[in-house]
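Below: work.cif (mmCIF, C-alpha atoms and all ligand atoms)
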data_model
loop_
_atom_site.group_PDB
_atom_site.id
_atom_site.type_symbol
_atom_site.label_atom_id
_atom_site.label_comp_id
_atom_site.auth_asym_id
_atom_site.auth_seq_id
_atom_site.Cartn_x
_atom_site.Cartn_y
_atom_site.Cartn_z
ATOM 1 C CA MET I 17 -2.287 -33.141 15.477
ATOM 2 C CA SER I 18 -5.890 -34.212 14.820
ATOM 3 C CA GLN I 19 -8.603 -31.788 13.729
ATOM 4 C CA THR I 20 -10.449 -32.336 16.985
ATOM 5 C CA ASP I 21 -7.605 -30.521 18.751
ATOM 6 C CA HIS I 22 -8.899 -27.386 17.019
ATOM 7 C CA PRO I 23 -12.621 -27.901 16.519
ATOM 8 C CA GLU I 24 -13.121 -24.323 15.331
ATOM 9 C CA GLN I 25 -10.617 -24.803 12.503
ATOM 10 C CA GLU I 26 -11.939 -25.596 9.032
ATOM 11 C CA PRO I 27 -10.538 -28.560 7.108
ATOM 12 C CA GLN I 28 -7.602 -27.587 4.895
ATOM 13 C CA ASP I 29 -9.482 -28.177 1.647
ATOM 14 C CA ALA I 30 -12.215 -25.716 2.644
ATOM 15 C CA ILE I 31 -9.993 -22.763 1.791
ATOM 16 C CA LEU I 32 -9.397 -24.062 -1.710
ATOM 17 C CA LYS I 33 -13.059 -24.025 -2.713
ATOM 18 C CA LEU I 34 -13.483 -20.987 -4.924
ATOM 19 C CA PRO I 35 -15.731 -19.096 -5.439
ATOM 20 C CA ALA I 36 -17.626 -20.327 -2.358
ATOM 21 C CA GLU I 37 -14.803 -19.085 -0.149
ATOM 22 C CA GLN I 38 -16.565 -15.800 0.591
ATOM 23 C CA LYS I 39 -19.692 -17.530 1.833
ATOM 24 C CA MET I 40 -20.546 -18.113 5.466
ATOM 25 C CA GLN I 41 -21.620 -21.504 6.801
ATOM 26 C CA ASP I 42 -25.294 -20.838 5.983
ATOM 27 C CA ASN I 43 -24.212 -20.088 2.397
ATOM 28 C CA GLN I 44 -24.899 -16.367 2.773
ATOM 29 C CA PRO I 45 -22.290 -14.146 1.118
ATOM 30 C CA ARG I 46 -19.958 -12.500 3.591
ATOM 31 C CA ALA I 47 -20.808 -8.886 4.293
ATOM 32 C CA ALA I 48 -18.028 -6.342 3.820
ATOM 33 C CA ILE I 49 -17.909 -2.651 4.681
ATOM 34 C CA VAL I 50 -15.637 -0.350 2.685
ATOM 35 C CA THR I 51 -15.405 3.209 4.021
ATOM 36 C CA GLY I 52 -14.794 6.153 1.726
ATOM 37 C CA ALA I 53 -16.069 3.987 -1.132
ATOM 38 C CA ALA I 54 -17.869 6.625 -3.192
ATOM 39 C CA ARG I 55 -14.755 7.074 -5.325
ATOM 40 C CA GLY I 56 -11.064 6.366 -5.712
ATOM 41 C CA ILE I 57 -9.425 3.380 -4.032
ATOM 42 C CA GLY I 58 -12.509 2.713 -1.904
ATOM 43 C CA ALA I 59 -14.810 2.431 -4.927
ATOM 44 C CA ALA I 60 -12.379 0.092 -6.712
ATOM 45 C CA THR I 61 -12.094 -2.009 -3.556
ATOM 46 C CA ALA I 62 -15.861 -2.242 -3.142
ATOM 47 C CA ARG I 63 -16.189 -3.393 -6.764
ATOM 48 C CA ARG I 64 -13.407 -5.928 -6.292
ATOM 49 C CA LEU I 65 -14.781 -7.417 -3.063
ATOM 50 C CA ALA I 66 -18.199 -7.722 -4.714
ATOM 51 C CA ALA I 67 -16.559 -9.529 -7.640
ATOM 52 C CA ASP I 68 -14.930 -11.805 -5.050
ATOM 53 C CA GLY I 69 -18.427 -12.794 -3.930
ATOM 54 C CA MET I 70 -19.070 -10.507 -0.971
ATOM 55 C CA ALA I 71 -22.134 -8.381 -0.291
ATOM 56 C CA VAL I 72 -20.692 -4.893 0.077
ATOM 57 C CA ALA I 73 -21.757 -1.885 2.122
ATOM 58 C CA VAL I 74 -20.469 1.136 0.209
ATOM 59 C CA LEU I 75 -20.002 3.712 2.962
ATOM 60 C CA ASP I 76 -19.192 7.374 2.521
ATOM 61 C CA LEU I 77 -20.104 10.739 4.051
ATOM 62 C CA ASP I 78 -23.170 11.064 1.848
ATOM 63 C CA ALA I 79 -25.158 7.946 0.900
ATOM 64 C CA GLY I 80 -26.144 9.567 -2.400
ATOM 65 C CA SER I 81 -22.495 9.840 -3.447
ATOM 66 C CA CYS I 82 -22.236 6.021 -3.179
ATOM 67 C CA ASN I 83 -24.836 5.344 -5.866
ATOM 68 C CA ALA I 84 -22.390 5.105 -8.763
ATOM 69 C CA THR I 85 -20.343 2.460 -6.935
ATOM 70 C CA VAL I 86 -23.471 0.540 -5.901
ATOM 71 C CA ASP I 87 -24.863 0.693 -9.441
ATOM 72 C CA ALA I 88 -21.597 -0.597 -10.921
ATOM 73 C CA ILE I 89 -21.627 -3.557 -8.531
ATOM 74 C CA THR I 90 -25.285 -4.321 -9.145
ATOM 75 C CA ALA I 91 -24.855 -4.079 -12.927
ATOM 76 C CA ALA I 92 -22.061 -6.642 -12.690
ATOM 77 C CA GLY I 93 -24.394 -9.033 -10.839
ATOM 78 C CA GLY I 94 -23.170 -8.300 -7.305
ATOM 79 C CA ARG I 95 -24.933 -7.113 -4.168
ATOM 80 C CA ALA I 96 -24.298 -3.717 -2.570
ATOM 81 C CA ILE I 97 -25.990 -1.051 -0.493
ATOM 82 C CA ALA I 98 -25.164 2.619 0.010
ATOM 83 C CA VAL I 99 -24.566 3.796 3.568
ATOM 84 C CA GLY I 100 -24.025 7.385 4.657
ATOM 85 C CA ALA I 101 -21.868 8.038 7.730
ATOM 86 C CA ASP I 102 -19.020 10.178 8.982
ATOM 87 C CA VAL I 103 -16.556 7.589 10.289
ATOM 88 C CA SER I 104 -15.241 10.026 12.903
ATOM 89 C CA GLN I 105 -18.655 10.247 14.636
ATOM 90 C CA ASP I 106 -19.429 7.426 17.051
ATOM 91 C CA ASP I 107 -23.229 7.643 16.806
ATOM 92 C CA GLN I 108 -23.146 7.604 12.994
ATOM 93 C CA VAL I 109 -20.756 4.649 12.982
ATOM 94 C CA GLU I 110 -22.963 2.631 15.337
ATOM 95 C CA THR I 111 -26.088 3.385 13.291
ATOM 96 C CA ALA I 112 -24.325 2.497 10.028
ATOM 97 C CA VAL I 113 -22.891 -0.803 11.268
ATOM 98 C CA SER I 114 -26.278 -1.849 12.709
ATOM 99 C CA ALA I 115 -27.956 -1.044 9.389
ATOM 100 C CA VAL I 116 -25.398 -3.131 7.501
ATOM 101 C CA ALA I 117 -25.815 -6.075 9.887
ATOM 102 C CA GLN I 118 -29.565 -5.914 9.425
ATOM 103 C CA GLU I 119 -29.515 -5.627 5.626
ATOM 104 C CA LEU I 120 -26.514 -7.733 4.616
ATOM 105 C CA GLY I 121 -25.812 -9.874 7.678
ATOM 106 C CA PRO I 122 -22.943 -9.603 10.172
ATOM 107 C CA PRO I 123 -20.081 -7.574 8.675
ATOM 108 C CA THR I 124 -16.979 -9.738 8.858
ATOM 109 C CA VAL I 125 -14.799 -7.782 6.424
ATOM 110 C CA LEU I 126 -13.888 -4.145 7.086
ATOM 111 C CA VAL I 127 -11.739 -1.898 4.919
ATOM 112 C CA ASN I 128 -10.874 1.359 6.687
ATOM 113 C CA ASN I 129 -10.222 3.484 3.621
ATOM 114 C CA ALA I 130 -11.928 6.860 4.238
ATOM 115 C CA GLY I 131 -9.406 9.651 4.133
ATOM 116 C CA VAL I 132 -8.762 13.353 3.734
ATOM 117 C CA LEU I 133 -5.750 15.573 3.160
ATOM 118 C CA ARG I 134 -5.029 18.918 4.820
ATOM 119 C CA ASP I 135 -1.429 19.352 3.659
ATOM 120 C CA ASN I 136 0.737 22.243 4.807
ATOM 121 C CA LEU I 137 4.217 22.887 6.109
ATOM 122 C CA LEU I 138 4.368 22.594 9.877
ATOM 123 C CA PHE I 139 4.636 26.322 10.565
ATOM 124 C CA LYS I 140 1.463 26.933 8.537
ATOM 125 C CA MET I 141 -0.526 23.894 9.680
ATOM 126 C CA SER I 142 -3.552 24.810 11.772
ATOM 127 C CA GLU I 143 -4.836 22.789 14.716
ATOM 128 C CA ALA I 144 -8.024 22.206 12.742
ATOM 129 C CA ASP I 145 -6.012 20.689 9.877
ATOM 130 C CA TRP I 146 -4.202 18.425 12.326
ATOM 131 C CA ASP I 147 -7.393 17.365 14.105
ATOM 132 C CA THR I 148 -9.395 16.725 10.924
ATOM 133 C CA VAL I 149 -6.811 14.389 9.435
ATOM 134 C CA LEU I 150 -6.170 12.479 12.669
ATOM 135 C CA SER I 151 -9.895 12.284 13.273
ATOM 136 C CA VAL I 152 -10.939 10.809 9.909
ATOM 137 C CA HIS I 153 -8.066 8.350 9.497
ATOM 138 C CA LEU I 154 -7.287 7.233 13.030
ATOM 139 C CA ARG I 155 -10.388 7.930 15.107
ATOM 140 C CA GLY I 156 -12.535 6.763 12.178
ATOM 141 C CA SER I 157 -10.665 3.473 11.867
ATOM 142 C CA PHE I 158 -10.787 2.992 15.639
ATOM 143 C CA LEU I 159 -14.548 3.605 15.810
ATOM 144 C CA MET I 160 -15.331 1.430 12.799
ATOM 145 C CA SER I 161 -13.114 -1.415 14.033
ATOM 146 C CA ARG I 162 -14.549 -1.243 17.550
ATOM 147 C CA SER I 163 -18.094 -1.388 16.242
ATOM 148 C CA VAL I 164 -17.557 -4.141 13.668
ATOM 149 C CA GLN I 165 -15.441 -6.393 15.891
ATOM 150 C CA LYS I 166 -18.520 -7.415 17.891
ATOM 151 C CA HIS I 167 -19.903 -9.123 14.796
ATOM 152 C CA MET I 168 -16.531 -10.592 13.871
ATOM 153 C CA VAL I 169 -16.015 -12.051 17.357
ATOM 154 C CA ASP I 170 -19.531 -13.560 17.285
ATOM 155 C CA GLN I 171 -18.738 -15.161 13.930
ATOM 156 C CA ARG I 172 -15.220 -16.182 14.979
ATOM 157 C CA TYR I 173 -14.092 -14.692 11.658
ATOM 158 C CA GLY I 174 -12.931 -11.307 10.498
ATOM 159 C CA ARG I 175 -10.707 -9.455 8.056
ATOM 160 C CA ILE I 176 -9.716 -5.860 8.792
ATOM 161 C CA VAL I 177 -7.653 -3.996 6.202
ATOM 162 C CA ASN I 178 -6.474 -0.489 7.052
ATOM 163 C CA LEU I 179 -5.209 2.020 4.501
ATOM 164 C CA SER I 180 -1.806 3.338 5.503
ATOM 165 C CA SER I 181 0.472 5.139 3.026
ATOM 166 C CA SER I 182 4.062 5.551 1.909
ATOM 167 C CA SER I 183 3.705 8.902 3.725
ATOM 168 C CA ALA I 184 3.892 6.930 6.998
ATOM 169 C CA LEU I 185 7.655 7.011 6.367
ATOM 170 C CA GLY I 186 7.590 10.829 6.390
ATOM 171 C CA ASN I 187 6.623 13.358 3.729
ATOM 172 C CA ARG I 188 7.176 17.083 3.485
ATOM 173 C CA GLY I 189 3.987 19.067 4.041
ATOM 174 C CA GLN I 190 2.158 16.133 5.609
ATOM 175 C CA ALA I 191 2.939 16.154 9.351
ATOM 176 C CA ASN I 192 -0.717 15.386 10.102
ATOM 177 C CA TYR I 193 -1.228 12.777 7.363
ATOM 178 C CA SER I 194 2.131 11.114 7.981
ATOM 179 C CA ALA I 195 1.382 10.804 11.715
ATOM 180 C CA ALA I 196 -2.070 9.385 10.958
ATOM 181 C CA LYS I 197 -0.757 6.861 8.451
ATOM 182 C CA ALA I 198 2.059 5.737 10.769
ATOM 183 C CA GLY I 199 -0.603 5.469 13.473
ATOM 184 C CA MET I 200 -2.640 3.201 11.220
ATOM 185 C CA GLN I 201 0.251 0.745 11.227
ATOM 186 C CA GLY I 202 0.386 0.681 15.048
ATOM 187 C CA LEU I 203 -3.390 0.315 15.220
ATOM 188 C CA THR I 204 -3.231 -2.559 12.736
ATOM 189 C CA LYS I 205 -0.601 -4.480 14.682
ATOM 190 C CA THR I 206 -2.488 -4.021 17.958
ATOM 191 C CA LEU I 207 -5.781 -5.175 16.443
ATOM 192 C CA ALA I 208 -3.946 -8.215 15.089
ATOM 193 C CA ILE I 209 -2.626 -9.037 18.577
ATOM 194 C CA GLU I 210 -5.932 -8.500 20.396
ATOM 195 C CA LEU I 211 -8.282 -10.117 17.887
ATOM 196 C CA GLY I 212 -6.202 -12.993 16.513
ATOM 197 C CA GLN I 213 -7.662 -15.499 18.974
ATOM 198 C CA PHE I 214 -11.113 -14.918 17.434
ATOM 199 C CA GLY I 215 -10.128 -15.807 13.884
ATOM 200 C CA ILE I 216 -9.746 -12.147 12.962
ATOM 201 C CA THR I 217 -6.797 -10.780 11.013
ATOM 202 C CA ALA I 218 -5.783 -7.123 10.706
ATOM 203 C CA ASN I 219 -3.392 -5.891 8.060
ATOM 204 C CA ALA I 220 -2.458 -2.603 6.441
ATOM 205 C CA VAL I 221 -1.997 -1.710 2.806
ATOM 206 C CA ALA I 222 0.285 1.263 2.255
ATOM 207 C CA PRO I 223 -0.010 2.670 -1.274
ATOM 208 C CA GLY I 224 2.533 4.896 -2.910
ATOM 209 C CA PHE I 225 1.230 7.366 -5.497
ATOM 210 C CA ILE I 226 -2.145 6.259 -6.874
ATOM 211 C CA ALA I 227 -4.045 8.336 -9.435
ATOM 212 C CA THR I 228 -7.220 9.536 -7.676
ATOM 213 C CA ASP I 229 -8.962 12.808 -6.816
ATOM 214 C CA MET I 230 -6.758 12.940 -3.721
ATOM 215 C CA THR I 231 -3.486 13.046 -5.688
ATOM 216 C CA ALA I 232 -5.066 15.357 -8.266
ATOM 217 C CA ALA I 233 -5.715 17.783 -5.402
ATOM 218 C CA THR I 234 -2.069 17.491 -4.335
ATOM 219 C CA ALA I 235 -0.942 18.392 -7.869
ATOM 220 C CA ALA I 236 -3.219 21.436 -7.799
ATOM 221 C CA ARG I 237 -1.800 22.524 -4.430
ATOM 222 C CA LEU I 238 1.729 22.291 -5.868
ATOM 223 C CA GLY I 239 0.670 24.353 -8.897
ATOM 224 C CA MET I 240 1.254 21.523 -11.391
ATOM 225 C CA THR I 241 -1.022 19.855 -13.916
ATOM 226 C CA PHE I 242 -2.004 16.345 -12.847
ATOM 227 C CA GLU I 243 -0.292 14.973 -15.976
ATOM 228 C CA ASP I 244 3.020 16.682 -15.171
ATOM 229 C CA PHE I 245 2.797 15.588 -11.549
ATOM 230 C CA GLN I 246 2.159 11.961 -12.521
ATOM 231 C CA ALA I 247 5.042 11.987 -15.013
ATOM 232 C CA ARG I 248 7.418 13.417 -12.395
ATOM 233 C CA VAL I 249 6.455 10.803 -9.808
ATOM 234 C CA ALA I 250 6.499 7.924 -12.325
ATOM 235 C CA SER I 251 10.100 8.703 -13.283
ATOM 236 C CA GLN I 252 11.128 7.995 -9.661
ATOM 237 C CA VAL I 253 9.180 4.724 -9.289
ATOM 238 C CA PRO I 254 11.042 1.498 -10.154
ATOM 239 C CA ALA I 255 7.965 0.276 -12.089
ATOM 240 C CA ARG I 256 8.158 3.571 -14.077
ATOM 241 C CA ARG I 257 4.459 4.241 -13.704
ATOM 242 C CA ILE I 258 2.134 5.551 -11.069
ATOM 243 C CA GLY I 259 -0.288 3.220 -9.355
ATOM 244 C CA GLU I 260 -3.874 2.533 -10.330
ATOM 245 C CA VAL I 261 -6.751 2.023 -7.923
ATOM 246 C CA ASP I 262 -7.048 -1.626 -8.971
ATOM 247 C CA ASP I 263 -3.421 -2.230 -7.917
ATOM 248 C CA VAL I 264 -4.455 -1.393 -4.348
ATOM 249 C CA ALA I 265 -7.804 -3.192 -4.543
ATOM 250 C CA HIS I 266 -5.970 -6.360 -5.559
ATOM 251 C CA ALA I 267 -3.802 -6.330 -2.421
ATOM 252 C CA ILE I 268 -6.845 -5.627 -0.250
ATOM 253 C CA SER I 269 -8.760 -8.461 -1.922
ATOM 254 C CA PHE I 270 -5.955 -10.855 -1.061
ATOM 255 C CA LEU I 271 -5.765 -9.785 2.588
ATOM 256 C CA ALA I 272 -9.580 -9.950 2.868
ATOM 257 C CA SER I 273 -9.706 -13.480 1.464
ATOM 258 C CA GLU I 274 -10.287 -16.524 3.601
ATOM 259 C CA GLY I 275 -6.987 -18.055 2.528
ATOM 260 C CA ALA I 276 -5.032 -15.147 4.053
ATOM 261 C CA ARG I 277 -6.006 -16.375 7.512
ATOM 262 C CA TYR I 278 -2.438 -16.778 8.829
ATOM 263 C CA ILE I 279 -1.263 -13.333 7.705
ATOM 264 C CA SER I 280 -1.887 -10.679 10.329
ATOM 265 C CA GLY I 281 -0.318 -7.486 11.623
ATOM 266 C CA GLN I 282 1.502 -6.923 8.327
ATOM 267 C CA VAL I 283 1.996 -3.822 6.232
ATOM 268 C CA ILE I 284 2.106 -4.322 2.456
ATOM 269 C CA TYR I 285 3.462 -1.400 0.461
ATOM 270 C CA VAL I 286 1.822 -1.115 -2.946
ATOM 271 C CA ALA I 287 4.222 1.331 -4.496
ATOM 272 C CA GLY I 288 5.790 -0.139 -7.633
ATOM 273 C CA GLY I 289 9.042 -0.767 -5.785
ATOM 274 C CA PRO I 290 10.616 -0.861 -2.335
ATOM 275 C CA LEU I 291 10.480 2.122 0.001
ATOM 276 C CA CYS I 292 12.828 2.990 2.823
HETATM 277 P P1 LIG Q 1 -10.279 10.023 -2.328
HETATM 278 O O1 LIG Q 1 -10.422 9.805 -3.792
HETATM 279 O O2 LIG Q 1 -10.133 11.418 -1.820
HETATM 280 O O3 LIG Q 1 -11.506 9.303 -1.615
HETATM 281 C C1 LIG Q 1 -11.626 9.352 -0.215
HETATM 282 C C2 LIG Q 1 -13.078 9.092 0.143
HETATM 283 O O4 LIG Q 1 -13.207 9.137 1.579
HETATM 284 C C3 LIG Q 1 -14.012 10.160 -0.432
HETATM 285 O O5 LIG Q 1 -15.126 9.560 -1.054
HETATM 286 C C4 LIG Q 1 -14.426 10.944 0.811
HETATM 287 O O6 LIG Q 1 -15.712 11.499 0.765
HETATM 288 C C5 LIG Q 1 -14.390 9.862 1.879
HETATM 289 N N1 LIG Q 1 -14.365 10.438 3.222
HETATM 290 C C6 LIG Q 1 -13.644 11.495 3.650
HETATM 291 N N2 LIG Q 1 -13.907 11.748 4.941
HETATM 292 C C7 LIG Q 1 -14.810 10.826 5.337
HETATM 293 C C8 LIG Q 1 -15.476 10.581 6.569
HETATM 294 N N3 LIG Q 1 -15.243 11.325 7.659
HETATM 295 N N4 LIG Q 1 -16.351 9.550 6.636
HETATM 296 C C9 LIG Q 1 -16.613 8.791 5.542
HETATM 297 N N5 LIG Q 1 -16.002 8.973 4.345
HETATM 298 C C10 LIG Q 1 -15.123 9.987 4.244
HETATM 299 O O7 LIG Q 1 -9.012 9.229 -1.755
HETATM 300 P P2 LIG Q 1 -8.171 7.993 -2.331
HETATM 301 O O8 LIG Q 1 -7.009 8.540 -3.054
HETATM 302 O O9 LIG Q 1 -9.062 7.009 -2.983
HETATM 303 O O10 LIG Q 1 -7.600 7.393 -0.970
HETATM 304 C C11 LIG Q 1 -8.266 6.369 -0.252
HETATM 305 C C12 LIG Q 1 -7.411 5.987 0.954
HETATM 306 O O11 LIG Q 1 -6.125 5.586 0.510
HETATM 307 C C13 LIG Q 1 -7.186 7.124 1.945
HETATM 308 O O12 LIG Q 1 -7.158 6.618 3.256
HETATM 309 C C14 LIG Q 1 -5.825 7.636 1.548
HETATM 310 O O13 LIG Q 1 -5.186 8.291 2.620
HETATM 311 C C15 LIG Q 1 -5.132 6.354 1.158
HETATM 312 N N6 LIG Q 1 -3.990 6.555 0.264
HETATM 313 C C16 LIG Q 1 -4.162 7.104 -0.974
HETATM 314 C C17 LIG Q 1 -3.046 7.291 -1.800
HETATM 315 C C18 LIG Q 1 -3.148 7.882 -3.174
HETATM 316 O O14 LIG Q 1 -2.095 8.083 -3.803
HETATM 317 N N7 LIG Q 1 -4.334 8.175 -3.683
HETATM 318 C C19 LIG Q 1 -1.781 6.895 -1.349
HETATM 319 C C20 LIG Q 1 -1.652 6.339 -0.084
HETATM 320 C C21 LIG Q 1 -2.772 6.167 0.713
HETATM 321 P P3 LIG Q 1 -15.936 13.001 0.181
HETATM 322 O O15 LIG Q 1 -15.730 12.884 -1.274
HETATM 323 O O16 LIG Q 1 -17.349 13.317 0.545
HETATM 324 O O17 LIG Q 1 -14.934 13.853 0.872
#
Please lay out the structure from this file as structure tokens.
Amino acid sequence: MSQTDHPEQEPQDAILKLPAEQKMQDNQPRAAIVTGAARGIGAATARRLAADGMAVAVLDLDAGSCNATVDAITAAGGRAIAVGADVSQDDQVETAVSAVAQELGPPTVLVNNAGVLRDNLLFKMSEADWDTVLSVHLRGSFLMSRSVQKHMVDQRYGRIVNLSSSSALGNRGQANYSAAKAGMQGLTKTLAIELGQFGITANAVAPGFIATDMTAATAARLGMTFEDFQARVASQVPARRIGEVDDVAHAISFLASEGARYISGQVIYVAGGPLC
């Protein structure tokens, strides 16, 4: 089949040209948005995508909380801006995405990472705890994806990476979180089906236990020190260690790369071993 059969397709060797691979046709760096990037996995991902050559919008509830991530990227020679928005609020999402498009160019990479926990056993779980978790993870990812896809469709290019979790397979005390993270996998597959024709991929990364403030809070809720909690979990992981934020950022970097263009609708568990 000749290349003229698919005029929108780049020549094969174009994907091998590193580090220019994260540049658009006009040689501008691709703009990426990482939500919940003030700390934890989001911050590591923002730093990694910047190191990959992207201009990164570091988005979190409070723009001021993003400064450390932005400063780290800038100090390393990258480009980043801080953006404040609650991903579960449509008006804030629209304002944030417009600001990113204006400052960094059309966002064609989106990492839906923002998350919260409101763990409790079912009989003690309040409706507010249910709604908050579903709202940040699922509604937030829906709103962000809906807003950003306009730019991706215009550019005929996009990479969406959604944060699922090993808890999607079920986890005691996490009816809300487990439902949200399983929902992220369904959302991912549907985005992949709807948006594939525009050169957009959608994939999910599902971490196991990663050392962040989120898992530190879980240890506190269980009445354990974070060290004891990590040691207990590590003993059950085939890799015999808990995960680090850079382990997750690496998988996201791969899925957000240009060369991952034929991988879509997939869920990659980053858990130091298989899960069932
Ligand atoms: P984290 O350290 O708690 O960071 C989450 C970030 O999301 C925080 O900066 C938080 O801001 C922000 N955020 C919360 N609600 C938001 C909203 N409505 N709008 C914008 N930003 C919001 O969490 P993490 O451990 O890095 O986890 C990151 C993602 O990975 C989450 O989706 C989580 O479910 C998933 N995950 C984590 C693990 C793990 O073991 N850590 C495992 C599987 C999946 P504030 O600080 O202001 O609240």
Site check for ligand LIG 1 (chain Q): residues at most 8 Å away, all atoms listed in the file, as an NGL selection string:
:I and (51-59 or 75-78 or 81 or 100-105 or 128-133 or 151-153 or 156 or 179-183 or 193 or 197 or 222-231 or 259 or 261)
Distance criterion (all atoms listed in the file): nearest to I:Gln44 out of I:Arg64, I:Arg155, I:Lys166, I:Arg95:
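Under the stated criterion, the closest residue is I:Arg95.
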Exercise: stretch 206-210 of chain I partners within 9 Å, only C-alpha atoms, chain neighbours under 5 positions left out, as a list in words:
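Counting only the stated atoms, we get Ser161, Ile176, Gln201, Ile216, Thr217, Ala218, Asn219, Ser280, Gly281 and Gln282 of chain I.
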With distances taken over only C-alpha atoms, which residue among I:Val169, I:Ala47, I:Ala71, I:Arg175 lies nearest I:Ser273?
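Among the listed residues, the smallest separation from I:Ser273 belongs to I:Arg175.
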Which residue gives the smallest distance to I:Ala220 among I:Leu203, I:Gly186, I:Pro290, I:Thr85, with only C-alpha atoms counted?
I:Leu203
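Separating atom CA of I:Asp106 from atom CA of I:Asp170 is a distance of 21.0 Å.
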Please enumerate the residues selected by the PyMOL selection byres (((chain I and resi 87) around 12) and not hetatm) when evaluated against the supplied file, formatted as a ChimeraX atom specification.
/I:54,59,62-63,66,72,74,80-86,88-98
Could you please take those selected residues and save C-alpha atoms as a short mmCIF file (atom, residue, chain, number, x, y, z; two decimals), keeping the file's coordinate frame?
data_model
loop_
_atom_site.label_atom_id
_atom_site.label_comp_id
_atom_site.auth_asym_id
_atom_site.auth_seq_id
_atom_site.Cartn_x
_atom_site.Cartn_y
_atom_site.Cartn_z
CA ALA I 54 -17.87 6.62 -3.19
CA ALA I 59 -14.81 2.43 -4.93
CA ALA I 62 -15.86 -2.24 -3.14
CA ARG I 63 -16.19 -3.39 -6.76
CA ALA I 66 -18.20 -7.72 -4.71
CA VAL I 72 -20.69 -4.89 0.08
CA VAL I 74 -20.47 1.14 0.21
CA GLY I 80 -26.14 9.57 -2.40
CA SER I 81 -22.50 9.84 -3.45
CA CYS I 82 -22.24 6.02 -3.18
CA ASN I 83 -24.84 5.34 -5.87
CA ALA I 84 -22.39 5.11 -8.76
CA THR I 85 -20.34 2.46 -6.94
CA VAL I 86 -23.47 0.54 -5.90
CA ALA I 88 -21.60 -0.60 -10.92
CA ILE I 89 -21.63 -3.56 -8.53
CA THR I 90 -25.28 -4.32 -9.14
CA ALA I 91 -24.86 -4.08 -12.93
CA ALA I 92 -22.06 -6.64 -12.69
CA GLY I 93 -24.39 -9.03 -10.84
CA GLY I 94 -23.17 -8.30 -7.30
CA ARG I 95 -24.93 -7.11 -4.17
CA ALA I 96 -24.30 -3.72 -2.57
CA ILE I 97 -25.99 -1.05 -0.49
CA ALA I 98 -25.16 2.62 0.01
#
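The interatomic distance for the pair atom CA of I:Asp263 and atom CA of I:Met200 works out to 19.9 Å.
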Where does the PyMOL selection byres (((chain I and resi 285) around 7) and not hetatm) land in this file, that is, which residues does it pick, as a list of chain:residue names?
I:Val221, I:Ala222, I:Pro223, I:Val283, I:Ile284, I:Val286, I:Ala287
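Interatomic distance, atom CA of I:Phe139 against atom CA of I:Gly189: 9.8 Å.
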Leaving out stretch 140-142 of chain I and any residue of its chain fewer than 5 positions from it, which residues lie within 9 Å of it when counting only C-alpha atoms, given as a ChimeraX atom specification?
/I:134-135,147,189,191-192
To verify the selection step, state as an MDAnalysis selection string which residues the PyMOL selection byres (((chain I and resi 258) around 10) and not hetatm) yields on this input.
chainID I and resid 224:227 246:257 259:260 287:288
Between I:Cys292, I:Val177, I:Leu138, I:Val116, which one has atoms that come closest to I:Ala267, using all atoms listed in the file?
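Nearest candidate to I:Ala267 out of I:Cys292, I:Val177, I:Leu138, I:Val116: I:Val177.
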Residue with smallest distance to I:Ile49 - pool I:Gly275, I:Gly202, I:Gly69, I:Pro123, counting only C-alpha atoms
I:Pro123
Can you complete the atoms of stretch 258-267 of chain I to N, CA and C atoms and list them as a tab-separated table (two decimals), in the frame of the given file?
chain	number	residue	atom	x	y	z
I	258	ILE	N	2.83	5.35	-12.33
I	258	ILE	CA	2.13	5.55	-11.07
I	258	ILE	C	1.12	4.44	-10.87
I	259	GLY	N	0.63	4.32	-9.66
I	259	GLY	CA	-0.29	3.22	-9.36
I	259	GLY	C	-1.71	3.51	-9.80
I	260	GLU	N	-2.45	2.43	-10.01
I	260	GLU	CA	-3.87	2.53	-10.33
I	260	GLU	C	-4.68	2.00	-9.14
I	261	VAL	N	-5.93	2.44	-9.07
I	261	VAL	CA	-6.75	2.02	-7.92
I	261	VAL	C	-6.87	0.49	-7.84
I	262	ASP	N	-6.91	-0.16	-8.99
I	262	ASP	CA	-7.05	-1.63	-8.97
I	262	ASP	C	-5.79	-2.32	-8.43
I	263	ASP	N	-4.63	-1.65	-8.52
I	263	ASP	CA	-3.42	-2.23	-7.92
I	263	ASP	C	-3.60	-2.36	-6.40
I	264	VAL	N	-4.23	-1.37	-5.80
I	264	VAL	CA	-4.46	-1.39	-4.35
I	264	VAL	C	-5.59	-2.36	-4.00
I	265	ALA	N	-6.66	-2.30	-4.80
I	265	ALA	CA	-7.80	-3.19	-4.54
I	265	ALA	C	-7.39	-4.66	-4.58
I	266	HIS	N	-6.43	-4.97	-5.44
I	266	HIS	CA	-5.97	-6.36	-5.56
I	266	HIS	C	-5.30	-6.82	-4.26
I	267	ALA	N	-4.46	-5.98	-3.69
I	267	ALA	CA	-3.80	-6.33	-2.42
I	267	ALA	C	-4.83	-6.46	-1.31
